[in-house]
Structures are given as structure tokens and as C-alpha cells.
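Colleague: Dropping in data.tsv, with TSV, C-alpha atoms.
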```tsv
chain	number	residue	atom	x	y	z
A	1	MET	CA	-55.86	-26.22	-168.62
A	2	LYS	CA	-55.20	-23.07	-166.59
A	3	PRO	CA	-52.31	-23.36	-164.08
A	4	PHE	CA	-53.46	-23.65	-160.45
A	5	LEU	CA	-51.93	-23.92	-157.00
A	6	VAL	CA	-52.09	-27.21	-155.16
A	7	LYS	CA	-51.33	-28.24	-151.58
A	8	LEU	CA	-48.51	-30.74	-151.12
A	9	SER	CA	-48.41	-33.52	-148.52
A	10	ILE	CA	-45.49	-35.80	-147.76
A	11	SER	CA	-46.21	-39.51	-147.30
A	12	GLY	CA	-43.68	-41.26	-145.09
A	13	ARG	CA	-43.29	-45.03	-145.22
A	14	HIS	CA	-46.47	-46.82	-144.08
A	15	LEU	CA	-48.59	-49.86	-144.77
A	16	HIS	CA	-52.19	-50.80	-145.37
A	17	ILE	CA	-53.00	-54.22	-143.97
A	18	SER	CA	-55.36	-57.09	-144.76
A	19	ARG	CA	-57.61	-58.69	-142.15
A	20	GLU	CA	-55.65	-61.93	-142.47
A	21	ASP	CA	-52.24	-60.30	-141.93
A	22	LEU	CA	-53.57	-58.14	-139.08
A	23	ASP	CA	-54.88	-61.26	-137.33
A	24	ALA	CA	-51.55	-63.03	-137.80
A	25	LEU	CA	-49.57	-60.10	-136.38
A	26	PHE	CA	-51.84	-58.81	-133.59
A	27	GLY	CA	-54.25	-61.69	-132.88
A	28	PRO	CA	-57.65	-62.91	-134.16
A	29	ASN	CA	-60.16	-60.15	-134.96
A	30	TYR	CA	-57.77	-57.47	-133.74
A	31	GLN	CA	-59.18	-53.95	-134.22
A	32	LEU	CA	-56.79	-51.14	-135.21
A	33	THR	CA	-57.09	-48.07	-133.00
A	34	LYS	CA	-57.22	-44.64	-134.65
A	35	PHE	CA	-54.32	-42.26	-134.06
A	36	GLN	CA	-55.11	-39.40	-136.48
A	37	ASP	CA	-57.37	-38.70	-139.44
A	38	ILE	CA	-55.51	-38.02	-142.69
A	39	SER	CA	-56.41	-35.78	-145.61
A	40	GLN	CA	-58.50	-38.36	-147.48
A	41	HIS	CA	-61.95	-39.00	-145.94
A	42	GLY	CA	-62.33	-42.23	-143.98
A	43	GLN	CA	-58.62	-43.00	-143.85
A	44	TRP	CA	-56.56	-42.64	-140.69
A	45	THR	CA	-53.27	-43.55	-139.13
A	46	ALA	CA	-53.41	-46.25	-136.46
A	47	HIS	CA	-51.48	-46.45	-133.21
A	48	GLU	CA	-50.21	-49.86	-134.32
A	49	LYS	CA	-46.75	-50.10	-135.87
A	50	VAL	CA	-44.64	-52.92	-137.27
A	51	THR	CA	-41.04	-53.53	-138.29
A	52	LEU	CA	-40.17	-54.14	-141.96
A	53	LEU	CA	-37.50	-56.81	-142.35
A	54	GLY	CA	-35.63	-57.06	-145.67
A	55	PRO	CA	-32.62	-59.10	-146.74
A	56	LYS	CA	-30.21	-56.22	-146.02
A	57	GLY	CA	-31.79	-54.24	-143.22
A	58	GLN	CA	-34.86	-53.31	-141.24
A	59	LEU	CA	-37.07	-50.28	-140.60
A	60	ASP	CA	-38.75	-50.00	-137.20
A	61	ASN	CA	-41.94	-48.26	-136.13
A	62	VAL	CA	-43.67	-48.23	-139.50
A	63	ARG	CA	-47.22	-47.09	-139.00
A	64	ILE	CA	-50.31	-48.95	-140.19
A	65	LEU	CA	-53.07	-46.97	-141.93
A	66	GLY	CA	-56.69	-47.95	-141.45
A	67	PRO	CA	-59.18	-49.26	-142.29
A	68	VAL	CA	-58.11	-52.77	-143.31
A	69	ARG	CA	-57.87	-53.45	-147.04
A	70	PRO	CA	-58.29	-56.57	-149.18
A	71	GLN	CA	-54.50	-56.90	-149.58
A	72	THR	CA	-51.55	-55.69	-147.53
A	73	GLN	CA	-49.68	-52.83	-149.27
A	74	VAL	CA	-46.34	-51.53	-147.98
A	75	GLU	CA	-45.28	-48.11	-149.30
A	76	VAL	CA	-41.61	-47.20	-148.96
A	77	SER	CA	-39.25	-44.71	-150.59
A	78	ARG	CA	-36.38	-45.79	-152.85
A	79	THR	CA	-34.04	-44.84	-149.99
A	80	ASP	CA	-35.96	-47.18	-147.65
A	81	ALA	CA	-35.91	-49.94	-150.26
A	82	THR	CA	-32.14	-49.69	-150.63
A	83	LYS	CA	-31.71	-49.98	-146.87
A	84	LEU	CA	-34.03	-53.01	-146.75
A	85	GLY	CA	-32.35	-54.60	-149.77
A	86	VAL	CA	-35.49	-54.89	-151.89
A	87	ASN	CA	-36.23	-53.49	-155.36
A	88	PRO	CA	-39.91	-52.56	-155.54
A	89	PRO	CA	-41.46	-50.96	-158.63
A	90	VAL	CA	-43.05	-47.50	-158.68
A	91	ARG	CA	-46.79	-48.19	-158.70
A	92	GLU	CA	-50.21	-46.73	-158.16
A	93	SER	CA	-51.98	-47.78	-154.98
A	94	GLY	CA	-53.74	-51.14	-155.35
A	95	ASP	CA	-51.69	-52.27	-158.38
A	96	LEU	CA	-49.73	-54.95	-156.53
A	97	SER	CA	-49.22	-57.72	-159.07
A	98	GLY	CA	-45.49	-58.17	-159.65
A	99	THR	CA	-44.45	-56.06	-156.66
A	100	VAL	CA	-41.94	-57.52	-154.20
A	101	GLY	CA	-42.20	-59.04	-150.72
A	102	LEU	CA	-40.58	-58.71	-147.32
A	103	THR	CA	-41.29	-59.73	-143.73
A	104	LEU	CA	-43.53	-57.87	-141.29
A	105	LEU	CA	-42.69	-58.19	-137.58
A	106	SER	CA	-45.13	-57.21	-134.81
A	107	PRO	CA	-44.08	-55.72	-131.46
A	108	ALA	CA	-44.87	-59.11	-129.88
A	109	GLY	CA	-42.54	-60.90	-132.31
A	110	LYS	CA	-45.14	-62.39	-134.69
A	111	LYS	CA	-44.08	-62.53	-138.34
A	112	VAL	CA	-45.85	-62.40	-141.70
A	113	GLU	CA	-43.91	-63.19	-144.86
A	114	LEU	CA	-45.32	-61.10	-147.71
A	115	ARG	CA	-44.79	-62.54	-151.17
A	116	GLU	CA	-45.82	-59.24	-152.75
A	117	GLY	CA	-47.30	-55.89	-151.80
A	118	VAL	CA	-44.18	-53.72	-151.42
A	119	MET	CA	-44.11	-50.69	-153.74
A	120	ILE	CA	-42.86	-47.17	-154.16
A	121	ALA	CA	-45.98	-45.02	-154.51
A	122	ALA	CA	-46.17	-43.12	-157.78
A	123	ARG	CA	-46.67	-39.44	-156.99
A	124	HIS	CA	-50.32	-38.61	-157.38
A	125	ILE	CA	-52.91	-35.95	-156.79
A	126	HIS	CA	-56.33	-36.61	-155.27
A	127	PHE	CA	-59.45	-34.82	-156.50
A	128	SER	CA	-63.15	-35.08	-155.78
A	129	PRO	CA	-65.20	-35.41	-158.99
A	130	GLU	CA	-66.23	-31.74	-158.65
A	131	GLN	CA	-62.62	-30.58	-158.25
A	132	ALA	CA	-61.52	-32.66	-161.25
A	133	ARG	CA	-64.31	-31.19	-163.37
A	134	GLU	CA	-63.34	-27.67	-162.36
A	135	HIS	CA	-59.83	-28.23	-163.78
A	136	SER	CA	-61.02	-30.32	-166.78
A	137	LEU	CA	-59.16	-33.38	-165.49
A	138	THR	CA	-59.97	-37.08	-165.69
A	139	ASP	CA	-58.86	-39.98	-163.49
A	140	GLY	CA	-55.55	-41.29	-164.89
A	141	ASP	CA	-54.38	-37.99	-166.39
A	142	GLN	CA	-50.77	-37.07	-165.67
A	143	LEU	CA	-49.79	-33.57	-164.58
A	144	SER	CA	-46.58	-31.55	-164.41
A	145	VAL	CA	-46.20	-29.65	-161.16
A	146	GLN	CA	-43.72	-26.86	-160.54
A	147	ILE	CA	-42.03	-26.50	-157.16
A	148	ASN	CA	-40.35	-23.18	-156.39
A	149	GLY	CA	-37.34	-22.53	-154.16
A	150	GLN	CA	-33.60	-23.22	-153.94
A	151	ARG	CA	-34.16	-26.90	-154.80
A	152	GLY	CA	-37.06	-26.17	-157.12
A	153	GLY	CA	-38.00	-28.02	-160.27
A	154	VAL	CA	-40.85	-29.73	-162.01
A	155	LEU	CA	-42.34	-33.15	-161.27
A	156	HIS	CA	-43.76	-34.80	-164.38
A	157	HIS	CA	-46.19	-37.75	-164.36
A	158	VAL	CA	-48.16	-36.80	-161.27
A	159	ILE	CA	-51.12	-39.16	-161.61
A	160	VAL	CA	-54.66	-37.77	-161.23
A	161	ARG	CA	-56.91	-39.88	-158.99
A	162	VAL	CA	-60.58	-38.96	-158.79
A	163	ARG	CA	-62.98	-40.44	-156.22
A	164	SER	CA	-65.98	-39.10	-154.35
A	165	ASP	CA	-64.22	-39.46	-150.97
A	166	TYR	CA	-61.06	-37.68	-152.16
A	167	ASP	CA	-60.07	-34.08	-151.54
A	168	GLU	CA	-57.52	-32.05	-153.53
A	169	ASP	CA	-54.02	-32.92	-152.27
A	170	LEU	CA	-50.77	-33.86	-154.01
A	171	HIS	CA	-48.85	-36.69	-152.35
A	172	VAL	CA	-45.09	-37.07	-152.75
A	173	ASP	CA	-42.82	-39.43	-150.84
A	174	THR	CA	-39.93	-38.45	-148.58
A	175	ASP	CA	-37.31	-38.76	-151.36
A	176	GLU	CA	-39.28	-36.39	-153.59
A	177	ALA	CA	-39.84	-33.97	-150.72
A	178	ASN	CA	-36.19	-34.00	-149.68
A	179	ALA	CA	-34.91	-33.65	-153.25
A	180	LEU	CA	-37.08	-30.63	-154.05
A	181	GLY	CA	-37.20	-28.89	-150.69
A	182	ILE	CA	-40.89	-29.67	-150.17
A	183	LYS	CA	-42.31	-29.28	-146.67
A	184	ASN	CA	-45.74	-30.28	-145.42
A	185	ASP	CA	-47.07	-26.73	-145.83
A	186	SER	CA	-45.60	-26.27	-149.33
A	187	GLN	CA	-47.62	-25.51	-152.43
A	188	GLY	CA	-46.96	-26.52	-156.02
A	189	ILE	CA	-48.21	-25.07	-159.29
A	190	VAL	CA	-49.90	-27.44	-161.73
A	191	ILE	CA	-48.49	-26.13	-165.03
A	192	GLY	CA	-49.93	-28.63	-167.50
A	193	LYS	CA	-50.41	-32.22	-168.50
A	194	SER	CA	-47.50	-34.60	-169.10
A	195	SER	CA	-47.28	-37.96	-170.77
A	196	LEU	CA	-44.64	-40.69	-170.88
B	1	MET	CA	-28.24	-21.92	-175.46
B	2	LYS	CA	-28.87	-25.10	-177.44
B	3	PRO	CA	-30.13	-28.07	-175.38
B	4	PHE	CA	-27.49	-30.77	-174.81
B	5	LEU	CA	-27.19	-34.15	-173.14
B	6	VAL	CA	-25.21	-34.46	-169.94
B	7	LYS	CA	-23.96	-37.42	-167.92
B	8	LEU	CA	-25.35	-37.74	-164.38
B	9	SER	CA	-23.44	-38.98	-161.35
B	10	ILE	CA	-24.86	-39.69	-157.90
B	11	SER	CA	-22.90	-38.46	-154.90
B	12	GLY	CA	-23.51	-40.50	-151.78
B	13	ARG	CA	-22.72	-39.08	-148.35
B	14	HIS	CA	-18.98	-38.41	-147.93
B	15	LEU	CA	-16.56	-35.99	-146.38
B	16	HIS	CA	-13.49	-33.99	-147.26
B	17	ILE	CA	-11.12	-33.66	-144.33
B	18	SER	CA	-8.60	-31.14	-143.04
B	19	ARG	CA	-5.06	-32.10	-142.04
B	20	GLU	CA	-5.83	-31.21	-138.43
B	21	ASP	CA	-8.97	-33.37	-138.25
B	22	LEU	CA	-7.29	-36.26	-140.07
B	23	ASP	CA	-4.44	-36.18	-137.53
B	24	ALA	CA	-6.91	-36.13	-134.64
B	25	LEU	CA	-8.86	-39.09	-136.01
B	26	PHE	CA	-6.13	-41.31	-137.50
B	27	GLY	CA	-2.88	-40.09	-135.89
B	28	PRO	CA	-0.20	-37.46	-136.62
B	29	ASN	CA	0.71	-37.03	-140.30
B	30	TYR	CA	-1.61	-39.85	-141.31
B	31	GLN	CA	-1.74	-40.34	-145.10
B	32	LEU	CA	-5.05	-41.27	-146.71
B	33	THR	CA	-4.79	-44.27	-149.04
B	34	LYS	CA	-6.48	-44.10	-152.45
B	35	PHE	CA	-9.41	-46.42	-153.11
B	36	GLN	CA	-10.70	-45.15	-156.49
B	37	ASP	CA	-10.31	-42.13	-158.75
B	38	ILE	CA	-13.51	-40.14	-159.25
B	39	SER	CA	-14.72	-38.17	-162.25
B	40	GLN	CA	-12.97	-34.91	-161.32
B	41	HIS	CA	-9.19	-34.93	-161.94
B	42	GLY	CA	-7.00	-35.29	-158.86
B	43	GLN	CA	-9.85	-36.28	-156.55
B	44	TRP	CA	-10.31	-39.79	-155.23
B	45	THR	CA	-12.12	-41.84	-152.65
B	46	ALA	CA	-9.98	-43.10	-149.77
B	47	HIS	CA	-10.12	-46.45	-148.04
B	48	GLU	CA	-10.62	-44.59	-144.76
B	49	LYS	CA	-14.13	-44.22	-143.36
B	50	VAL	CA	-15.64	-42.59	-140.30
B	51	THR	CA	-18.94	-42.60	-138.43
B	52	LEU	CA	-21.08	-39.44	-138.32
B	53	LEU	CA	-22.69	-38.90	-134.92
B	54	GLY	CA	-25.63	-36.51	-134.62
B	55	PRO	CA	-28.00	-35.73	-131.77
B	56	LYS	CA	-30.61	-38.20	-133.06
B	57	GLY	CA	-28.67	-40.91	-134.85
B	58	GLN	CA	-25.49	-42.02	-136.56
B	59	LEU	CA	-24.32	-43.05	-140.02
B	60	ASP	CA	-21.50	-45.60	-140.24
B	61	ASN	CA	-18.87	-46.19	-142.92
B	62	VAL	CA	-18.91	-42.73	-144.45
B	63	ARG	CA	-16.04	-42.49	-146.90
B	64	ILE	CA	-13.39	-39.77	-146.89
B	65	LEU	CA	-12.43	-38.17	-150.22
B	66	GLY	CA	-8.87	-37.08	-150.83
B	67	PRO	CA	-6.73	-35.10	-150.99
B	68	VAL	CA	-6.97	-33.20	-147.69
B	69	ARG	CA	-8.60	-29.76	-147.81
B	70	PRO	CA	-8.21	-26.56	-145.77
B	71	GLN	CA	-11.48	-27.28	-143.90
B	72	THR	CA	-13.46	-30.44	-143.21
B	73	GLN	CA	-16.67	-30.60	-145.26
B	74	VAL	CA	-19.32	-33.25	-144.64
B	75	GLU	CA	-21.87	-33.75	-147.45
B	76	VAL	CA	-25.10	-35.53	-146.56
B	77	SER	CA	-28.57	-35.77	-148.04
B	78	ARG	CA	-31.66	-34.30	-146.36
B	79	THR	CA	-32.68	-37.88	-145.53
B	80	ASP	CA	-29.32	-38.43	-143.81
B	81	ALA	CA	-29.62	-35.12	-141.96
B	82	THR	CA	-33.05	-36.07	-140.62
B	83	LYS	CA	-31.66	-39.37	-139.35
B	84	LEU	CA	-28.71	-37.60	-137.69
B	85	GLY	CA	-30.96	-34.88	-136.25
B	86	VAL	CA	-29.15	-31.95	-137.84
B	87	ASN	CA	-30.48	-29.24	-140.15
B	88	PRO	CA	-27.75	-28.28	-142.62
B	89	PRO	CA	-28.29	-25.72	-145.37
B	90	VAL	CA	-28.05	-26.50	-149.09
B	91	ARG	CA	-24.69	-25.06	-150.13
B	92	GLU	CA	-22.02	-25.02	-152.79
B	93	SER	CA	-18.81	-26.84	-151.94
B	94	GLY	CA	-16.45	-24.68	-149.87
B	95	ASP	CA	-19.14	-22.26	-148.66
B	96	LEU	CA	-19.15	-23.46	-145.06
B	97	SER	CA	-19.83	-20.35	-143.00
B	98	GLY	CA	-23.08	-20.84	-141.11
B	99	THR	CA	-23.31	-24.57	-141.80
B	100	VAL	CA	-23.89	-26.94	-138.89
B	101	GLY	CA	-21.67	-29.31	-136.92
B	102	LEU	CA	-21.65	-32.90	-135.73
B	103	THR	CA	-19.17	-35.42	-134.34
B	104	LEU	CA	-16.79	-37.56	-136.41
B	105	LEU	CA	-15.80	-40.92	-134.93
B	106	SER	CA	-12.83	-42.95	-136.22
B	107	PRO	CA	-12.71	-46.76	-136.31
B	108	ALA	CA	-10.29	-46.60	-133.35
B	109	GLY	CA	-12.76	-44.52	-131.32
B	110	LYS	CA	-11.15	-41.08	-131.69
B	111	LYS	CA	-13.59	-38.18	-131.93
B	112	VAL	CA	-13.60	-34.76	-133.57
B	113	GLU	CA	-16.38	-32.30	-132.74
B	114	LEU	CA	-17.08	-30.18	-135.80
B	115	ARG	CA	-18.59	-26.78	-135.09
B	116	GLU	CA	-19.45	-26.34	-138.76
B	117	GLY	CA	-18.84	-27.99	-142.14
B	118	VAL	CA	-21.97	-30.10	-142.57
B	119	MET	CA	-23.99	-29.26	-145.68
B	120	ILE	CA	-26.33	-30.63	-148.30
B	121	ALA	CA	-24.52	-30.15	-151.60
B	122	ALA	CA	-26.39	-27.96	-154.08
B	123	ARG	CA	-26.78	-29.89	-157.32
B	124	HIS	CA	-24.13	-28.73	-159.74
B	125	ILE	CA	-22.51	-29.45	-163.05
B	126	HIS	CA	-18.76	-29.47	-163.63
B	127	PHE	CA	-17.22	-28.11	-166.82
B	128	SER	CA	-13.72	-27.49	-168.06
B	129	PRO	CA	-13.29	-23.93	-169.38
B	130	GLU	CA	-13.40	-25.29	-172.96
B	131	GLN	CA	-16.64	-27.19	-172.30
B	132	ALA	CA	-18.22	-24.14	-170.66
B	133	ARG	CA	-17.26	-21.97	-173.64
B	134	GLU	CA	-18.74	-24.50	-176.07
B	135	HIS	CA	-22.13	-24.13	-174.36
B	136	SER	CA	-21.79	-20.35	-173.72
B	137	LEU	CA	-21.83	-20.90	-169.96
B	138	THR	CA	-20.09	-19.08	-167.13
B	139	ASP	CA	-19.17	-20.23	-163.63
B	140	GLY	CA	-22.16	-19.55	-161.36
B	141	ASP	CA	-24.83	-19.85	-164.06
B	142	GLN	CA	-27.84	-21.96	-163.11
B	143	LEU	CA	-29.29	-24.54	-165.48
B	144	SER	CA	-32.56	-26.46	-165.81
B	145	VAL	CA	-32.05	-30.12	-166.56
B	146	GLN	CA	-34.75	-32.49	-167.76
B	147	ILE	CA	-34.80	-36.11	-166.59
B	148	ASN	CA	-36.91	-38.57	-168.57
B	149	GLY	CA	-38.67	-41.69	-167.33
B	150	GLN	CA	-41.51	-42.78	-165.05
B	151	ARG	CA	-40.27	-40.47	-162.27
B	152	GLY	CA	-39.07	-37.82	-164.69
B	153	GLY	CA	-39.09	-34.09	-164.20
B	154	VAL	CA	-36.90	-31.02	-164.34
B	155	LEU	CA	-34.26	-29.91	-161.85
B	156	HIS	CA	-33.89	-26.14	-161.73
B	157	HIS	CA	-30.93	-24.27	-160.22
B	158	VAL	CA	-28.21	-26.72	-161.22
B	159	ILE	CA	-25.12	-24.60	-160.55
B	160	VAL	CA	-22.41	-24.36	-163.21
B	161	ARG	CA	-18.87	-24.82	-161.85
B	162	VAL	CA	-15.99	-24.19	-164.21
B	163	ARG	CA	-12.37	-25.12	-163.41
B	164	SER	CA	-9.44	-26.33	-165.47
B	165	ASP	CA	-9.33	-29.67	-163.64
B	166	TYR	CA	-13.08	-30.30	-164.07
B	167	ASP	CA	-14.78	-32.51	-166.64
B	168	GLU	CA	-18.43	-32.34	-167.73
B	169	ASP	CA	-20.55	-34.19	-165.17
B	170	LEU	CA	-23.75	-33.33	-163.31
B	171	HIS	CA	-23.76	-34.30	-159.63
B	172	VAL	CA	-26.98	-34.99	-157.75
B	173	ASP	CA	-27.33	-36.46	-154.28
B	174	THR	CA	-29.09	-39.70	-153.37
B	175	ASP	CA	-32.41	-37.98	-152.56
B	176	GLU	CA	-32.47	-36.32	-155.97
B	177	ALA	CA	-31.49	-39.57	-157.70
B	178	ASN	CA	-34.11	-41.59	-155.84
B	179	ALA	CA	-36.86	-39.03	-156.38
B	180	LEU	CA	-36.31	-38.79	-160.13
B	181	GLY	CA	-35.29	-42.35	-160.96
B	182	ILE	CA	-31.71	-41.35	-161.78
B	183	LYS	CA	-29.09	-44.10	-161.96
B	184	ASN	CA	-25.35	-43.74	-162.31
B	185	ASP	CA	-25.51	-44.31	-166.07
B	186	SER	CA	-28.43	-41.90	-166.61
B	187	GLN	CA	-28.32	-38.86	-168.85
B	188	GLY	CA	-30.13	-35.56	-168.49
B	189	ILE	CA	-30.96	-32.87	-171.02
B	190	VAL	CA	-29.87	-29.32	-170.24
B	191	ILE	CA	-32.90	-27.38	-171.49
B	192	GLY	CA	-32.00	-23.84	-170.50
B	193	LYS	CA	-30.89	-21.44	-167.82
B	194	SER	CA	-32.86	-20.93	-164.60
B	195	SER	CA	-32.75	-18.26	-161.94
B	196	LEU	CA	-34.18	-17.94	-158.45
```
Starting from the coordinates I provided, produce the structure as C-alpha cells.

Modeller:
Amino acid sequence: MKPFLVKLSISGRHLHISREDLDALFGPNYQLTKFQDISQHGQWTAHEKVTLLGPKGQLDNVRILGPVRPQTQVEVSRTDATKLGVNPPVRESGDLSGTVGLTLLSPAGKKVELREGVMIAARHIHFSPEQAREHSLTDGDQLSVQINGQRGGVLHHVIVRVRSDYDEDLHVDTDEANALGIKNDSQGIVIGKSSL
Amino acid sequence: MKPFLVKLSISGRHLHISREDLDALFGPNYQLTKFQDISQHGQWTAHEKVTLLGPKGQLDNVRILGPVRPQTQVEVSRTDATKLGVNPPVRESGDLSGTVGLTLLSPAGKKVELREGVMIAARHIHFSPEQAREHSLTDGDQLSVQINGQRGGVLHHVIVRVRSDYDEDLHVDTDEANALGIKNDSQGIVIGKSSL
């Protein structure tokens, strides 16, 4: 694999929501309203926000991403989790079995108690099938990515995710961005594959 | 340099305080009271805590470290700084020229307006002179340190600090710990020198 530059994007805390939980929080058949498109095709941030309530604290104004999904998935950083008082695992999107719960609170005061769905997103890099082929990569590969600068370093175990509606983009969370001096216009260098 | 294991410690937000600022916050000739010794000889956490007030938010119960120092130095993470609404540089301890300010608030409601002293501590590793000699290291060297695990990676630019009252210990802040899955009993592997 030849090293290549990759664009970095920072994912702040957010949630994907199920039809059932959206109805419970905002009313029957409620339709999310689009705020902004995001880097992956067909996904967007909604105007709608909720509060996350944990046993030790709360986080307000957490944005919902659309469209609705089969199961609600709340993505927080380890810093967020400590504030909330929950201990979620680091997971890939969609892998929610054995994750932890918390309470969602709508602006109108409606609550949903999640039994699971709260995770810390494993850092990952999106590719279209063509982009993956170009770099000889397969869905599920793990990459090592170098970040330059005063707080520079290398992130191992960046998971490759390939799908036809994806576009090349490496997603880190706010802890990873803050620790390594990554900004939303930063670039990384994929230096090789890594394995656990 | 031969690779070697090193103990990791996580520094949460804290401050070192000057005699003048301590007097202003807690009263003339106030003496800090020791809570716990920390890993570096002669330094300790105090029972006394203050609130940090920034233009966008505040952080309560921030612990003072003793003994008093010539100038007040507030060490926060990038996450903390974002919450406060300040933009401090990443610096070595004591290098405060050009750092940013904020307001300190005592439990009794006394305030001190700092014009500078707020920084994000550059990750660093303490050594006694004997320990530094053993690894052929000099004060000011920069090391690359590998962290294993699901969120593993490499931290470049870990600054070597050598002093007779120091003991081998690598200090990261909470963002770095959270991003790389570092806990207070974690170990890293010093894999070589790094330079900017």
C-alpha cells in the first residue's frame, strides 16, 4: 500500500434515531427537518436536538442525524461519557448489542429510556468501492494514519468502511481531534495497515 | 536508543497559584492544605479548589496544586478550553508568555482576573538525571511513545524534562487519555526520538 493523504472530519456528539423513539419524543409520524448535508451521501443533520440524561450529568442540544434508522444510536466521546456517568464501549456504527443506555429528553419534556445504543464511535475511514480499490483496501481493514504538528502522532486501528454511497473521509471524535491537534480542514497520511 | 516501557499518568485540569493570587482568593498569607502527594517529589494536590470562568462557560471544583509558584498557571485540556471559550496554546510548564487569561473564582466569591497563565500542557515525560542518563536522553529531547489497545497509536513530541526531584512518569491530559484509551495504570513504549 502506497501512503496517501486523507481528509479528516471531526464528529461531535450526535444521535441517529428510530421511528419509534422519534414518535415518542416529537409526536406520531414526526418528520425530521434537514439542517445541513454531511459528507456521506444521503445523510444530514436535522434541526431537531435532544438532551442526553445520564446518572451523573446531562448534555444539552445534541443534534439528531437523519434519516431515521432501525435502532437509535447515540455517539459520544469518552469525555462526554464521563460527564454523563456512563461507560459505553468503542464500537463500529450499527454494532449496538451490549452497548449501554441513557435517557433522551425532548425540548417539550418527553422522555425515552434507552436500554442500549450508546457508544463511542471507533475511528473509521469511508471509501466508495472505487476509492477502496484504488488503494487496495477492503471493508474491515485497519489503517495507521499519521497526523503532523505540535500534537502530532499516529492513530492505529482506523477501520475501513466501504459502501457505494460513501466518499473518502476519515472520521475522528472530539477527544481524538483535541488530543492530536486535528481541525476540520486537517489532513492525515495513511502510512500502512495496522492490526490488533 | 533502546525501546523501554514507561508508566503513564493522566493530568486532569488543575492550577498552580502565586502567593499574590492565593492571598486575593483565600485571604492574606493563606496556607494551602495538602490533600495528596503526587508522583513528582515535593508537589501535592491541595484541598482548595476554585472555579474557572471564561467568556463562554465555567468549570467548577478545579484543584490547586502546591506549593505556591512565582506565577499562576492554569492547565486545561482543549475540550475544557472550548467549554470556557478560550484559546490557549500548547506549552511547557512555566512558559507562560503569550498564553491567555480567564477569571478565577474562590468558594467565598472572591475573583482574580488573570491576564495570562492559561495553557494546554504539552505532553511530557519526567526523568531524574540518573534515569535520563540510563536512556541516553537530555532535557528537551522529544520522544515517540506507542500506546497499545483498541484505540492505540503513537504520540510524537513527548517532551523530556530532567530534574533532580523528578521521577520517571509520562503525563498526558484527559483528551489524550480519552482519545487513546489510556488509563492511570497504563504503560506506553518509548519507541524512539521525534522532532518537529

Colleague: Using all atoms listed in the file and a distance of at most 12 Å, pull out the residues of chain B that contact chain A, as a PyMOL selection string.

Modeller: chain B and resi 12+76-82+89-92+120-124+142-159+172-183+194-196

Colleague: Using all atoms listed in the file, list the residues that have an atom at most 10 Å from (-47.7, -23.6, -150.4), coordinates as in the file, as a list in words.

Modeller: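 All residues meeting the 10 Å criterion around (-47.7, -23.6, -150.4) are Leu5, Val6, Lys7, Leu8, Ile147, Asn148, Ile182, Lys183, Asn184, Asp185, Ser186, Gln187, Gly188 and Ile189 of chain A.
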
Colleague: Using Å and a single decimal, report how far CA of Arg115 (chain A) sits from CA of Lys34 (chain A).

Modeller: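 Between CA of Lys34 (chain A) and CA of Arg115 (chain A) the gap works out to 27.3 Å.
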
Colleague: Could you name the residues that touch Leu96 (chain B) at 10 Å or less, counting all atoms listed in the file, but leaving out those on the same chain fewer than 3 positions away, as a list in words?

Modeller: Gln71, Thr72, Gln73, Val74, Pro89, Arg91, Glu92, Ser93, Thr99, Val100, Glu116, Gly117, Val118 and Met119 of chain B

Colleague: Would you work out the distance separating CA of Ile125 (chain A) from CA of Asp167 (chain A), expressed in Å to one decimal?

Modeller: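 CA of Asp167 (chain A) lies 9.1 Å from CA of Ile125 (chain A).
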
Colleague: I need the residue nearest Gln40 (chain A) from this list: A:Leu65, A:Val112, A:Val190, A:Leu22. Use only C-alpha atoms for the distance.

Modeller: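 The closest residue to Gln40 (chain A) is A:Leu65.
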
Colleague: Which one of B:Ala24, B:Gly66, B:Leu52, B:Gly85 sits closest to Ile38 (chain B) if you count only C-alpha atoms?

Modeller: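 When distances to Ile38 (chain B) are compared using only C-alpha atoms, the smallest one comes from B:Gly66.
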
Colleague: So how far away is CA of Glu75 (chain B) from CA of Trp44 (chain B), in Å?

Modeller: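 Computing the Euclidean distance for CA of Trp44 (chain B) and CA of Glu75 (chain B) yields 15.2 Å.
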
Colleague: Residues within 9 Å of (-54.5, -45.2, -141.4), file coordinates, counting all atoms listed in the file: what are they? Give the list as number ranges by chain.

Modeller: A: 14-16, 32, 34-38, 42-47, 63-68

Colleague: With all atoms listed in the file as the atoms that count, which of A:Lys56, A:Arg13, A:Arg69, A:Arg161 lies nearest to Pro129 (chain A)?

Modeller: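 Going through A:Lys56, A:Arg13, A:Arg69, A:Arg161 one by one, the smallest distance to Pro129 (chain A) is for A:Arg161.
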
Colleague: Measuring between all atoms listed in the file, which one of A:Gln31, A:Gln131, A:Asn87, A:Ser18 shows the shortest distance to Phe4 (chain A)?

Modeller: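 Looking at the shortest contact to Phe4 (chain A), the residue is A:Gln131.
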